file protein_17.txt (compact mmCIF, C-alpha atoms)
# COMPACT_ATOMS: atom_id res chain seq x y z
CA MET P 1 52.50 -29.82 -0.30
CA SER P 2 52.78 -30.97 -3.89
CA GLU P 3 49.18 -32.16 -3.80
CA ILE P 4 47.89 -28.62 -3.14
CA THR P 5 47.92 -26.54 -6.25
CA LEU P 6 47.16 -22.86 -6.72
CA PRO P 7 43.95 -23.37 -8.75
CA GLU P 8 42.43 -25.43 -5.95
CA GLU P 9 43.24 -22.70 -3.42
CA ALA P 10 41.75 -20.11 -5.74
CA GLU P 11 38.57 -22.15 -6.03
CA ALA P 12 38.36 -22.43 -2.27
CA LEU P 13 38.67 -18.71 -1.69
CA PRO P 14 35.01 -17.81 -2.42
CA GLU P 15 33.90 -20.23 0.29
CA ILE P 16 35.81 -18.36 3.01
CA LEU P 17 35.12 -14.83 1.82
CA PRO P 18 32.61 -12.83 3.92
CA ALA P 19 29.05 -12.51 2.72
CA PRO P 20 28.40 -9.60 0.37
CA ALA P 21 27.30 -6.30 1.87
CA SER P 22 23.63 -5.66 2.43
CA HIS P 23 23.54 -2.93 -0.21
CA GLY P 24 24.88 -5.47 -2.71
CA ARG P 25 22.00 -7.82 -1.94
CA ILE P 26 19.53 -4.97 -2.34
CA VAL P 27 21.00 -4.05 -5.73
CA GLY P 28 20.92 -7.68 -6.83
CA LEU P 29 17.29 -8.00 -5.71
CA ALA P 30 16.35 -4.89 -7.67
CA LEU P 31 18.12 -6.18 -10.78
CA ARG P 32 16.36 -9.55 -10.59
CA HIS P 33 12.97 -7.97 -9.94
CA PRO P 34 12.66 -4.63 -11.79
CA GLY P 35 9.19 -4.09 -10.34
CA ILE P 36 10.71 -3.54 -6.91
CA ALA P 37 13.19 -0.99 -8.26
CA ILE P 38 10.70 0.92 -10.43
CA GLY P 39 7.84 0.81 -7.93
CA GLY P 40 10.08 1.70 -5.00
CA ALA P 41 11.66 4.60 -6.89
CA LEU P 42 8.27 6.04 -7.89
CA ILE P 43 6.92 5.72 -4.35
CA ALA P 44 10.05 7.40 -3.00
CA VAL P 45 9.56 10.30 -5.43
CA MET P 46 5.90 10.69 -4.49
CA THR P 47 6.77 10.54 -0.79
CA PHE P 48 9.42 13.21 -1.27
CA LEU P 49 6.95 15.46 -3.11
CA ALA P 50 4.41 15.00 -0.31
CA ILE P 51 6.89 15.75 2.48
CA ALA P 52 8.47 18.70 0.65
CA ALA P 53 5.14 20.18 -0.50
CA PRO P 54 5.51 23.33 1.68
CA TRP P 55 8.84 24.10 0.02
CA LEU P 56 8.10 22.86 -3.51
CA GLY P 57 4.66 24.48 -3.79
CA THR P 58 4.58 27.85 -5.50
CA VAL P 59 1.74 29.33 -3.42
CA ASP P 60 -0.62 28.43 -0.59
CA PRO P 61 -2.88 25.62 -1.92
CA GLU P 62 -5.93 27.27 -0.33
CA ALA P 63 -5.15 30.83 -1.44
CA LEU P 64 -7.90 32.32 -3.64
CA ASP P 65 -6.99 34.44 -6.65
CA PRO P 66 -10.17 35.51 -8.48
CA ALA P 67 -8.12 37.50 -11.01
CA ASN P 68 -6.47 34.30 -12.29
CA MET P 69 -9.34 31.83 -12.43
CA LEU P 70 -9.21 28.89 -14.88
CA ILE P 71 -5.95 29.84 -16.54
CA GLY P 72 -3.93 27.11 -18.19
CA PRO P 73 -0.42 25.98 -17.28
CA SER P 74 1.95 28.93 -17.23
CA ALA P 75 5.17 30.13 -15.65
CA GLY P 76 3.32 31.44 -12.59
CA HIS P 77 1.00 28.43 -12.30
CA TRP P 78 2.69 25.29 -13.63
CA PHE P 79 -0.50 23.20 -13.69
CA GLY P 80 -2.92 26.12 -14.10
CA THR P 81 -5.62 27.27 -11.67
CA ASP P 82 -9.11 26.06 -10.78
CA MET P 83 -12.43 27.91 -10.79
CA LEU P 84 -11.49 29.75 -7.59
CA GLY P 85 -8.05 30.75 -8.79
CA ARG P 86 -6.23 28.24 -6.57
CA ASP P 87 -2.92 26.91 -7.83
CA ILE P 88 -3.40 23.31 -8.99
CA TYR P 89 0.30 22.48 -8.79
CA SER P 90 0.42 23.28 -5.07
CA ARG P 91 -2.87 21.48 -4.45
CA VAL P 92 -1.63 18.35 -6.24
CA LEU P 93 1.53 18.27 -4.09
CA TYR P 94 -0.51 18.54 -0.89
CA GLY P 95 -2.96 15.99 -2.30
CA ALA P 96 -0.14 13.45 -2.38
CA ARG P 97 -0.03 13.70 1.41
CA VAL P 98 -3.65 12.65 1.77
CA SER P 99 -3.41 9.71 -0.62
CA LEU P 100 -0.15 8.38 0.83
CA VAL P 101 -1.27 8.76 4.43
CA VAL P 102 -4.56 7.00 3.71
CA GLY P 103 -2.88 4.25 1.67
CA PHE P 104 -0.11 3.51 4.16
CA ALA P 105 -2.37 3.78 7.21
CA VAL P 106 -5.05 1.49 5.78
CA ALA P 107 -2.41 -1.04 4.70
CA ALA P 108 -0.87 -1.10 8.18
CA LEU P 109 -4.12 -1.19 10.14
CA SER P 110 -5.83 -3.77 7.93
CA SER P 111 -2.72 -5.97 8.02
CA VAL P 112 -2.55 -5.91 11.82
CA GLY P 113 -6.30 -6.37 12.27
CA GLY P 114 -6.64 -9.01 9.57
CA MET P 115 -3.61 -10.90 10.84
CA ALA P 116 -4.98 -10.98 14.39
CA ILE P 117 -8.38 -12.24 13.23
CA GLY P 118 -6.81 -14.78 10.87
CA LEU P 119 -4.50 -16.17 13.55
CA VAL P 120 -7.32 -16.56 16.06
CA SER P 121 -9.67 -18.04 13.48
CA GLY P 122 -7.14 -20.51 12.11
CA PHE P 123 -5.74 -21.65 15.43
CA ILE P 124 -8.77 -21.63 17.73
CA ARG P 125 -11.26 -23.92 16.02
CA PRO P 126 -14.41 -23.00 18.03
CA LEU P 127 -14.09 -19.34 16.97
CA ASP P 128 -13.38 -20.10 13.33
CA PRO P 129 -17.00 -20.41 12.08
CA VAL P 130 -18.12 -17.26 13.90
CA LEU P 131 -15.24 -15.06 12.74
CA MET P 132 -15.32 -16.30 9.17
CA ARG P 133 -19.07 -15.77 8.83
CA ILE P 134 -18.56 -12.19 10.00
CA MET P 135 -15.76 -11.72 7.48
CA ASP P 136 -17.92 -13.26 4.74
CA GLY P 137 -20.69 -10.82 5.58
CA VAL P 138 -18.34 -7.85 5.33
CA MET P 139 -16.83 -9.12 2.07
CA ALA P 140 -20.31 -9.58 0.59
CA ILE P 141 -20.61 -5.78 0.48
CA PRO P 142 -18.43 -4.08 -2.16
CA ALA P 143 -15.62 -2.16 -0.48
CA ILE P 144 -16.60 1.19 -1.93
CA LEU P 145 -20.26 0.79 -0.90
CA LEU P 146 -19.28 -0.23 2.61
CA ALA P 147 -16.94 2.75 2.88
CA ILE P 148 -19.70 5.10 1.66
CA ALA P 149 -22.13 3.67 4.20
CA LEU P 150 -19.66 4.07 7.04
CA MET P 151 -18.78 7.61 5.98
CA ALA P 152 -22.49 8.49 5.94
CA LEU P 153 -22.56 7.76 9.68
CA THR P 154 -19.60 9.99 10.50
CA GLN P 155 -18.17 13.38 9.65
CA GLY P 156 -15.86 13.80 6.69
CA SER P 157 -12.22 13.67 7.76
CA VAL P 158 -9.04 11.87 6.85
CA GLY P 159 -9.21 9.79 10.02
CA ASN P 160 -12.76 8.62 9.37
CA VAL P 161 -11.86 7.80 5.76
CA ILE P 162 -9.00 5.62 7.01
CA ILE P 163 -11.28 3.79 9.45
CA ALA P 164 -14.02 3.26 6.85
CA ILE P 165 -11.64 1.85 4.25
CA THR P 166 -9.79 -0.28 6.82
CA VAL P 167 -13.01 -2.02 7.85
CA SER P 168 -13.68 -2.96 4.23
CA GLN P 169 -10.13 -4.31 3.69
CA ILE P 170 -9.60 -6.37 6.86
CA PRO P 171 -11.53 -9.48 5.64
CA GLN P 172 -9.14 -9.98 2.71
CA VAL P 173 -6.12 -10.15 5.00
CA ALA P 174 -7.98 -12.22 7.60
CA ARG P 175 -8.96 -14.91 5.11
CA LEU P 176 -5.44 -15.01 3.67
CA VAL P 177 -3.85 -15.49 7.11
CA ARG P 178 -6.50 -17.98 8.20
CA GLY P 179 -5.84 -20.18 5.16
CA MET P 180 -2.10 -20.09 5.79
CA VAL P 181 -2.54 -20.95 9.47
CA LEU P 182 -4.69 -23.96 8.63
CA GLY P 183 -1.90 -25.21 6.39
CA LEU P 184 0.87 -24.47 8.89
CA ARG P 185 -0.95 -26.37 11.66
CA GLU P 186 -0.33 -29.59 9.74
CA GLN P 187 3.40 -28.98 9.28
CA PRO P 188 5.79 -31.26 11.20
CA PHE P 189 7.60 -28.41 12.95
CA VAL P 190 4.31 -27.10 14.39
CA GLU P 191 3.19 -30.58 15.45
CA ALA P 192 6.57 -31.10 17.08
CA ALA P 193 6.24 -27.83 18.99
CA ILE P 194 2.77 -28.82 20.16
CA ALA P 195 4.03 -32.26 21.23
CA ALA P 196 6.85 -30.56 23.16
CA GLY P 197 4.27 -28.68 25.21
CA THR P 198 4.77 -25.21 23.70
CA ARG P 199 2.06 -22.85 24.86
CA THR P 200 -0.31 -21.51 22.23
CA PRO P 201 0.75 -17.82 22.42
CA ARG P 202 4.43 -18.75 22.13
CA LEU P 203 3.68 -21.24 19.37
CA ILE P 204 1.82 -18.61 17.35
CA TRP P 205 4.48 -15.94 17.89
CA ARG P 206 7.54 -18.14 17.26
CA HIS P 207 6.32 -20.50 14.54
CA ILE P 208 3.14 -19.22 12.89
CA VAL P 209 3.59 -15.45 12.62
CA PRO P 210 7.04 -15.52 10.94
CA ASN P 211 5.69 -17.83 8.21
CA THR P 212 2.77 -15.53 7.42
CA LEU P 213 4.60 -12.21 7.29
CA ALA P 214 5.79 -12.38 3.67
CA PRO P 215 2.35 -12.97 2.09
CA VAL P 216 0.79 -10.36 4.39
CA ILE P 217 3.38 -7.77 3.35
CA VAL P 218 2.64 -8.45 -0.31
CA GLN P 219 -1.11 -8.26 0.34
CA ALA P 220 -0.57 -4.96 2.16
CA THR P 221 0.77 -3.37 -1.02
CA TYR P 222 -2.41 -4.28 -2.91
CA VAL P 223 -4.53 -3.01 -0.01
CA CYS P 224 -2.56 0.25 -0.10
CA ALA P 225 -3.27 0.74 -3.81
CA SER P 226 -6.94 -0.12 -3.36
CA ALA P 227 -7.23 2.30 -0.43
CA MET P 228 -5.86 5.16 -2.52
CA ILE P 229 -8.43 4.52 -5.24
CA ILE P 230 -11.32 4.22 -2.77
CA GLU P 231 -10.23 7.43 -1.02
CA ALA P 232 -10.20 9.29 -4.33
CA ILE P 233 -13.66 7.92 -5.19
CA LEU P 234 -15.06 8.96 -1.81
CA ASP P 235 -13.69 12.47 -2.27
CA PHE P 236 -14.93 12.62 -5.85
CA ILE P 237 -18.53 11.87 -4.85
CA GLY P 238 -18.38 14.13 -1.80
CA ALA P 239 -18.38 11.37 0.82
CA GLY P 240 -14.74 11.60 1.88
CA THR P 241 -12.60 14.44 3.19
CA PRO P 242 -14.09 17.96 3.29
CA PRO P 243 -13.86 19.86 -0.03
CA VAL P 244 -11.45 22.38 1.51
CA VAL P 245 -8.85 19.63 1.97
CA PRO P 246 -6.55 19.53 -1.07
CA SER P 247 -6.75 15.90 -2.20
CA TRP P 248 -6.59 14.37 -5.65
CA GLY P 249 -10.21 13.25 -5.45
CA ASN P 250 -11.41 16.70 -4.39
CA ILE P 251 -9.44 18.39 -7.18
CA MET P 252 -10.98 16.09 -9.78
CA ALA P 253 -14.44 16.60 -8.30
CA GLU P 254 -14.09 20.37 -8.52
CA GLY P 255 -13.03 20.20 -12.16
CA ARG P 256 -15.52 17.64 -13.46
CA ALA P 257 -18.06 20.32 -14.45
CA LEU P 258 -15.44 21.97 -16.68
CA TRP P 259 -13.52 18.93 -17.87
CA GLN P 260 -14.51 19.49 -21.53
CA VAL P 261 -13.11 23.01 -21.64
CA LYS P 262 -10.44 22.76 -18.91
CA PRO P 263 -9.45 19.07 -18.88
CA PHE P 264 -6.15 19.71 -17.12
CA ILE P 265 -8.01 20.23 -13.81
CA VAL P 266 -9.11 16.57 -13.88
CA PHE P 267 -6.32 14.92 -15.82
CA ILE P 268 -3.33 16.19 -13.81
CA PRO P 269 -4.41 14.79 -10.41
CA ALA P 270 -5.69 11.66 -12.17
CA ILE P 271 -2.22 11.10 -13.67
CA PHE P 272 -0.57 11.47 -10.26
CA LEU P 273 -3.06 9.02 -8.73
CA SER P 274 -2.56 6.52 -11.55
CA VAL P 275 1.23 6.67 -11.31
CA THR P 276 1.15 6.20 -7.53
CA VAL P 277 -1.22 3.24 -7.70
CA LEU P 278 0.86 1.72 -10.51
CA ALA P 279 4.02 2.13 -8.42
CA VAL P 280 2.48 0.36 -5.42
CA ASN P 281 1.23 -2.48 -7.63
CA LEU P 282 4.64 -2.86 -9.28
CA LEU P 283 6.26 -3.02 -5.85
CA GLY P 284 3.74 -5.63 -4.74
CA ASP P 285 4.28 -7.78 -7.84
CA GLY P 286 8.05 -7.57 -7.43
CA MET P 287 7.89 -8.49 -3.76
CA ARG P 288 5.57 -11.41 -4.54
CA ASP P 289 8.07 -12.80 -7.04
CA ALA P 290 11.02 -12.17 -4.72
CA LEU P 291 9.42 -13.76 -1.65
CA ASP P 292 7.89 -16.75 -3.45
CA PRO P 293 10.61 -19.34 -4.22
CA ARG P 294 8.37 -21.03 -6.79
CA GLN P 295 8.00 -17.77 -8.72
CA GLY P 296 11.71 -17.12 -8.43
CA GLY P 297 12.47 -20.57 -9.69
CA ARG P 298 10.44 -20.08 -12.85
CA ARG P 299 12.08 -16.76 -13.60
CA ALA P 300 15.61 -17.91 -12.93
call {"tool": "encode", "arguments": {"input": "protein_17.txt", "output": "structure tokens"}}
result
Amino acid sequence: MSEITLPEEAEALPEILPAPASHGRIVGLALRHPGIAIGGALIAVMTFLAIAAPWLGTVDPEALDPANMLIGPSAGHWFGTDMLGRDIYSRVLYGARVSLVVGFAVAALSSVGGMAIGLVSGFIRPLDPVLMRIMDGVMAIPAILLAIALMALTQGSVGNVIIAITVSQIPQVARLVRGMVLGLREQPFVEAAIAAGTRTPRLIWRHIVPNTLAPVIVQATYVCASAMIIEAILDFIGAGTPPVVPSWGNIMAEGRALWQVKPFIVFIPAIFLSVTVLAVNLLGDGMRDALDPRQGGRRA
């Protein structure tokens, strides 16, 4: 008993204490990577504004008020009104719904589609040249031009905008996953699973997919930001959602003819779009640093 001293017991205590709570790990992650905290907070605010638009909006975003056309910010109209007397504040809140839905939907669909193509291309060698040449052909066309071309073949709607942008974003995810799969195939744990007779579907699901999720999630944030910008561009040039739909791109398009005398019509939705895209990019950068041990090592 004399050999065991109190300091040694005190030093041993941290080894037997339970792991910290999950909320503690989340706080620590946010402190180490401010981009995650700032980007996540801004996205949460924008999501709240979009969901609560019916209660936060002052008036119906489509209500016409010819007696109050083109008035500046005031107590009755916080962001002013457009050329038809519609309340810009309410339209901006509802516009957040369109941008967030398009961004999140494109990120999810392109990640799933690109991951499926990348896994097949990287693991089934005979299909690799065919799939990659198709992806190269799609990537050869700028995303915005491809989206415009696809929208020209369909009617303007949020759903068609999502499909058009998703098609242009899938090749980026597919090539990312394909490159990772080619590297993972040479890893000892994959070769051991193959030698043990593991079937290909089980091998992909148990060993390949988990090792590609982190980079795909990070890539999805950049796809989300890009999708929001492309959606706004499509609306701005009249190739996206119908003009009656309150979206940030449509609001800016309606105010471009008067931007010199009534710049708030263009600048206010542009600021909301810029902040949202910045938030998604900050979140993506923070997640990249948090999920990449090499990045974390440099910053430690």
call {"tool": "closest_residue", "arguments": {"input": "protein_17.txt", "among": "P:Gln219, P:Thr200, P:Thr81, P:Asn281", "to": "Asp65 in chain P", "atoms": "all atoms listed in the file"}}
result
P:Thr81
call {"tool": "residues_around", "arguments": {"input": "protein_17.txt", "residues": "range 83-98 of chain P", "least_positions_apart": "4", "cutoff": "6 Å", "atoms": "all atoms listed in the file", "output": "PyMOL selection string"}}
result
chain P and resi 50+53+57+61+63-66+68-70+79+246-248
call {"tool": "residues_around", "arguments": {"input": "protein_17.txt", "residues": "range 220-226 of chain P", "least_positions_apart": "6", "cutoff": "9 Å", "atoms": "only C-alpha atoms", "output": "number ranges by chain"}}
result
P: 100, 102-108, 110-111, 169, 172-173, 276-281, 283-285
call {"tool": "atom_distance", "arguments": {"input": "protein_17.txt", "atom1": "CA of Ala174 in chain P", "atom2": "CA of Ile38 in chain P"}}
result
29.1 Å
call {"tool": "axis_aligned_box", "arguments": {"input": "protein_17.txt", "around": "range 73-81 of chain P", "padding_each_side": "6 Å", "output": "AutoDock Vina command-line options"}}
result
--center_x -0.2 --center_y 27.3 --center_z -14.5 --size_x 22.8 --size_y 20.2 --size_z 17.6
call {"tool": "atom_distance", "arguments": {"input": "protein_17.txt", "atom1": "CA of Ile148 in chain P", "atom2": "CA of Ala164 in chain P"}}
result
7.9 Å
call {"tool": "atom_distance", "arguments": {"input": "protein_17.txt", "atom1": "CA of Thr212 in chain P", "atom2": "CA of Leu184 in chain P"}}
result
9.3 Å
call {"tool": "build_atoms", "arguments": {"input": "protein_17.txt", "residues": "range 52-87 of chain P", "atoms": "N, CA and C atoms", "output": "PDB file, in the frame of the given file"}}
result
ATOM      1  N   ALA P  52       7.896  17.389   0.999  1.00  0.00           N
ATOM      2  CA  ALA P  52       8.470  18.700   0.650  1.00  0.00           C
ATOM      3  C   ALA P  52       7.452  19.640   0.042  1.00  0.00           C
ATOM      4  N   ALA P  53       6.162  19.324   0.111  1.00  0.00           N
ATOM      5  CA  ALA P  53       5.140  20.180  -0.500  1.00  0.00           C
ATOM      6  C   ALA P  53       5.208  21.633  -0.024  1.00  0.00           C
ATOM      7  N   PRO P  54       5.446  21.914   1.274  1.00  0.00           N
ATOM      8  CA  PRO P  54       5.510  23.330   1.680  1.00  0.00           C
ATOM      9  C   PRO P  54       6.642  24.097   1.029  1.00  0.00           C
ATOM     10  N   TRP P  55       7.706  23.410   0.634  1.00  0.00           N
ATOM     11  CA  TRP P  55       8.840  24.100   0.020  1.00  0.00           C
ATOM     12  C   TRP P  55       8.793  24.049  -1.507  1.00  0.00           C
ATOM     13  N   LEU P  56       8.184  22.989  -2.054  1.00  0.00           N
ATOM     14  CA  LEU P  56       8.100  22.860  -3.510  1.00  0.00           C
ATOM     15  C   LEU P  56       6.903  23.602  -4.092  1.00  0.00           C
ATOM     16  N   GLY P  57       5.852  23.786  -3.301  1.00  0.00           N
ATOM     17  CA  GLY P  57       4.660  24.480  -3.790  1.00  0.00           C
ATOM     18  C   GLY P  57       4.956  25.945  -4.072  1.00  0.00           C
ATOM     19  N   THR P  58       4.331  26.456  -5.114  1.00  0.00           N
ATOM     20  CA  THR P  58       4.580  27.850  -5.500  1.00  0.00           C
ATOM     21  C   THR P  58       3.811  28.825  -4.614  1.00  0.00           C
ATOM     22  N   VAL P  59       2.570  28.461  -4.252  1.00  0.00           N
ATOM     23  CA  VAL P  59       1.740  29.330  -3.420  1.00  0.00           C
ATOM     24  C   VAL P  59       0.968  28.468  -2.431  1.00  0.00           C
ATOM     25  N   ASP P  60       0.250  29.118  -1.533  1.00  0.00           N
ATOM     26  CA  ASP P  60      -0.620  28.430  -0.590  1.00  0.00           C
ATOM     27  C   ASP P  60      -1.704  27.679  -1.376  1.00  0.00           C
ATOM     28  N   PRO P  61      -1.887  26.369  -1.136  1.00  0.00           N
ATOM     29  CA  PRO P  61      -2.880  25.620  -1.920  1.00  0.00           C
ATOM     30  C   PRO P  61      -4.319  26.079  -1.697  1.00  0.00           C
ATOM     31  N   GLU P  62      -4.577  26.798  -0.613  1.00  0.00           N
ATOM     32  CA  GLU P  62      -5.930  27.270  -0.330  1.00  0.00           C
ATOM     33  C   GLU P  62      -6.108  28.755  -0.637  1.00  0.00           C
ATOM     34  N   ALA P  63      -5.064  29.403  -1.148  1.00  0.00           N
ATOM     35  CA  ALA P  63      -5.150  30.830  -1.440  1.00  0.00           C
ATOM     36  C   ALA P  63      -6.028  31.073  -2.677  1.00  0.00           C
ATOM     37  N   LEU P  64      -7.000  31.982  -2.542  1.00  0.00           N
ATOM     38  CA  LEU P  64      -7.900  32.320  -3.640  1.00  0.00           C
ATOM     39  C   LEU P  64      -7.327  33.485  -4.446  1.00  0.00           C
ATOM     40  N   ASP P  65      -7.468  33.384  -5.759  1.00  0.00           N
ATOM     41  CA  ASP P  65      -6.990  34.440  -6.650  1.00  0.00           C
ATOM     42  C   ASP P  65      -8.014  34.634  -7.760  1.00  0.00           C
ATOM     43  N   PRO P  66      -9.104  35.363  -7.477  1.00  0.00           N
ATOM     44  CA  PRO P  66     -10.170  35.510  -8.480  1.00  0.00           C
ATOM     45  C   PRO P  66      -9.692  36.116  -9.792  1.00  0.00           C
ATOM     46  N   ALA P  67      -8.601  36.876  -9.770  1.00  0.00           N
ATOM     47  CA  ALA P  67      -8.120  37.500 -11.010  1.00  0.00           C
ATOM     48  C   ALA P  67      -7.478  36.486 -11.954  1.00  0.00           C
ATOM     49  N   ASN P  68      -7.139  35.310 -11.457  1.00  0.00           N
ATOM     50  CA  ASN P  68      -6.470  34.300 -12.290  1.00  0.00           C
ATOM     51  C   ASN P  68      -7.237  32.981 -12.272  1.00  0.00           C
ATOM     52  N   MET P  69      -8.532  33.040 -12.423  1.00  0.00           N
ATOM     53  CA  MET P  69      -9.340  31.830 -12.430  1.00  0.00           C
ATOM     54  C   MET P  69      -9.247  31.104 -13.767  1.00  0.00           C
ATOM     55  N   LEU P  70      -9.131  29.767 -13.700  1.00  0.00           N
ATOM     56  CA  LEU P  70      -9.210  28.890 -14.880  1.00  0.00           C
ATOM     57  C   LEU P  70      -8.203  29.267 -15.957  1.00  0.00           C
ATOM     58  N   ILE P  71      -7.001  29.626 -15.546  1.00  0.00           N
ATOM     59  CA  ILE P  71      -5.950  29.840 -16.540  1.00  0.00           C
ATOM     60  C   ILE P  71      -5.176  28.543 -16.723  1.00  0.00           C
ATOM     61  N   GLY P  72      -4.661  28.324 -17.898  1.00  0.00           N
ATOM     62  CA  GLY P  72      -3.930  27.110 -18.190  1.00  0.00           C
ATOM     63  C   GLY P  72      -2.538  27.114 -17.601  1.00  0.00           C
ATOM     64  N   PRO P  73      -1.802  26.029 -17.786  1.00  0.00           N
ATOM     65  CA  PRO P  73      -0.420  25.980 -17.280  1.00  0.00           C
ATOM     66  C   PRO P  73       0.400  27.156 -17.786  1.00  0.00           C
ATOM     67  N   SER P  74       1.132  27.771 -16.879  1.00  0.00           N
ATOM     68  CA  SER P  74       1.950  28.930 -17.230  1.00  0.00           C
ATOM     69  C   SER P  74       3.146  28.978 -16.297  1.00  0.00           C
ATOM     70  N   ALA P  75       3.983  30.007 -16.493  1.00  0.00           N
ATOM     71  CA  ALA P  75       5.170  30.130 -15.650  1.00  0.00           C
ATOM     72  C   ALA P  75       4.794  30.384 -14.195  1.00  0.00           C
ATOM     73  N   GLY P  76       3.732  31.150 -13.955  1.00  0.00           N
ATOM     74  CA  GLY P  76       3.320  31.440 -12.590  1.00  0.00           C
ATOM     75  C   GLY P  76       2.517  30.322 -11.955  1.00  0.00           C
ATOM     76  N   HIS P  77       1.821  29.549 -12.786  1.00  0.00           N
ATOM     77  CA  HIS P  77       1.000  28.430 -12.300  1.00  0.00           C
ATOM     78  C   HIS P  77       1.289  27.235 -13.213  1.00  0.00           C
ATOM     79  N   TRP P  78       2.184  26.367 -12.764  1.00  0.00           N
ATOM     80  CA  TRP P  78       2.690  25.290 -13.630  1.00  0.00           C
ATOM     81  C   TRP P  78       1.597  24.371 -14.119  1.00  0.00           C
ATOM     82  N   PHE P  79       0.600  24.081 -13.292  1.00  0.00           N
ATOM     83  CA  PHE P  79      -0.500  23.200 -13.690  1.00  0.00           C
ATOM     84  C   PHE P  79      -1.802  23.974 -13.910  1.00  0.00           C
ATOM     85  N   GLY P  80      -1.736  25.307 -13.925  1.00  0.00           N
ATOM     86  CA  GLY P  80      -2.920  26.120 -14.100  1.00  0.00           C
ATOM     87  C   GLY P  80      -3.624  26.384 -12.781  1.00  0.00           C
ATOM     88  N   THR P  81      -4.822  26.961 -12.858  1.00  0.00           N
ATOM     89  CA  THR P  81      -5.620  27.270 -11.670  1.00  0.00           C
ATOM     90  C   THR P  81      -7.033  26.712 -11.844  1.00  0.00           C
ATOM     91  N   ASP P  82      -7.741  26.585 -10.718  1.00  0.00           N
ATOM     92  CA  ASP P  82      -9.110  26.060 -10.780  1.00  0.00           C
ATOM     93  C   ASP P  82     -10.107  27.214 -10.842  1.00  0.00           C
ATOM     94  N   MET P  83     -11.372  26.904 -10.650  1.00  0.00           N
ATOM     95  CA  MET P  83     -12.430  27.910 -10.790  1.00  0.00           C
ATOM     96  C   MET P  83     -12.403  28.968  -9.706  1.00  0.00           C
ATOM     97  N   LEU P  84     -11.635  28.755  -8.648  1.00  0.00           N
ATOM     98  CA  LEU P  84     -11.490  29.750  -7.590  1.00  0.00           C
ATOM     99  C   LEU P  84     -10.132  30.432  -7.635  1.00  0.00           C
ATOM    100  N   GLY P  85      -9.363  30.139  -8.646  1.00  0.00           N
ATOM    101  CA  GLY P  85      -8.050  30.750  -8.790  1.00  0.00           C
ATOM    102  C   GLY P  85      -6.966  30.093  -7.956  1.00  0.00           C
ATOM    103  N   ARG P  86      -7.245  28.928  -7.382  1.00  0.00           N
ATOM    104  CA  ARG P  86      -6.230  28.240  -6.570  1.00  0.00           C
ATOM    105  C   ARG P  86      -5.238  27.517  -7.466  1.00  0.00           C
ATOM    106  N   ASP P  87      -3.994  27.503  -7.040  1.00  0.00           N
ATOM    107  CA  ASP P  87      -2.920  26.910  -7.830  1.00  0.00           C
ATOM    108  C   ASP P  87      -3.018  25.380  -7.786  1.00  0.00           C
TER     109      ASP P  87
END
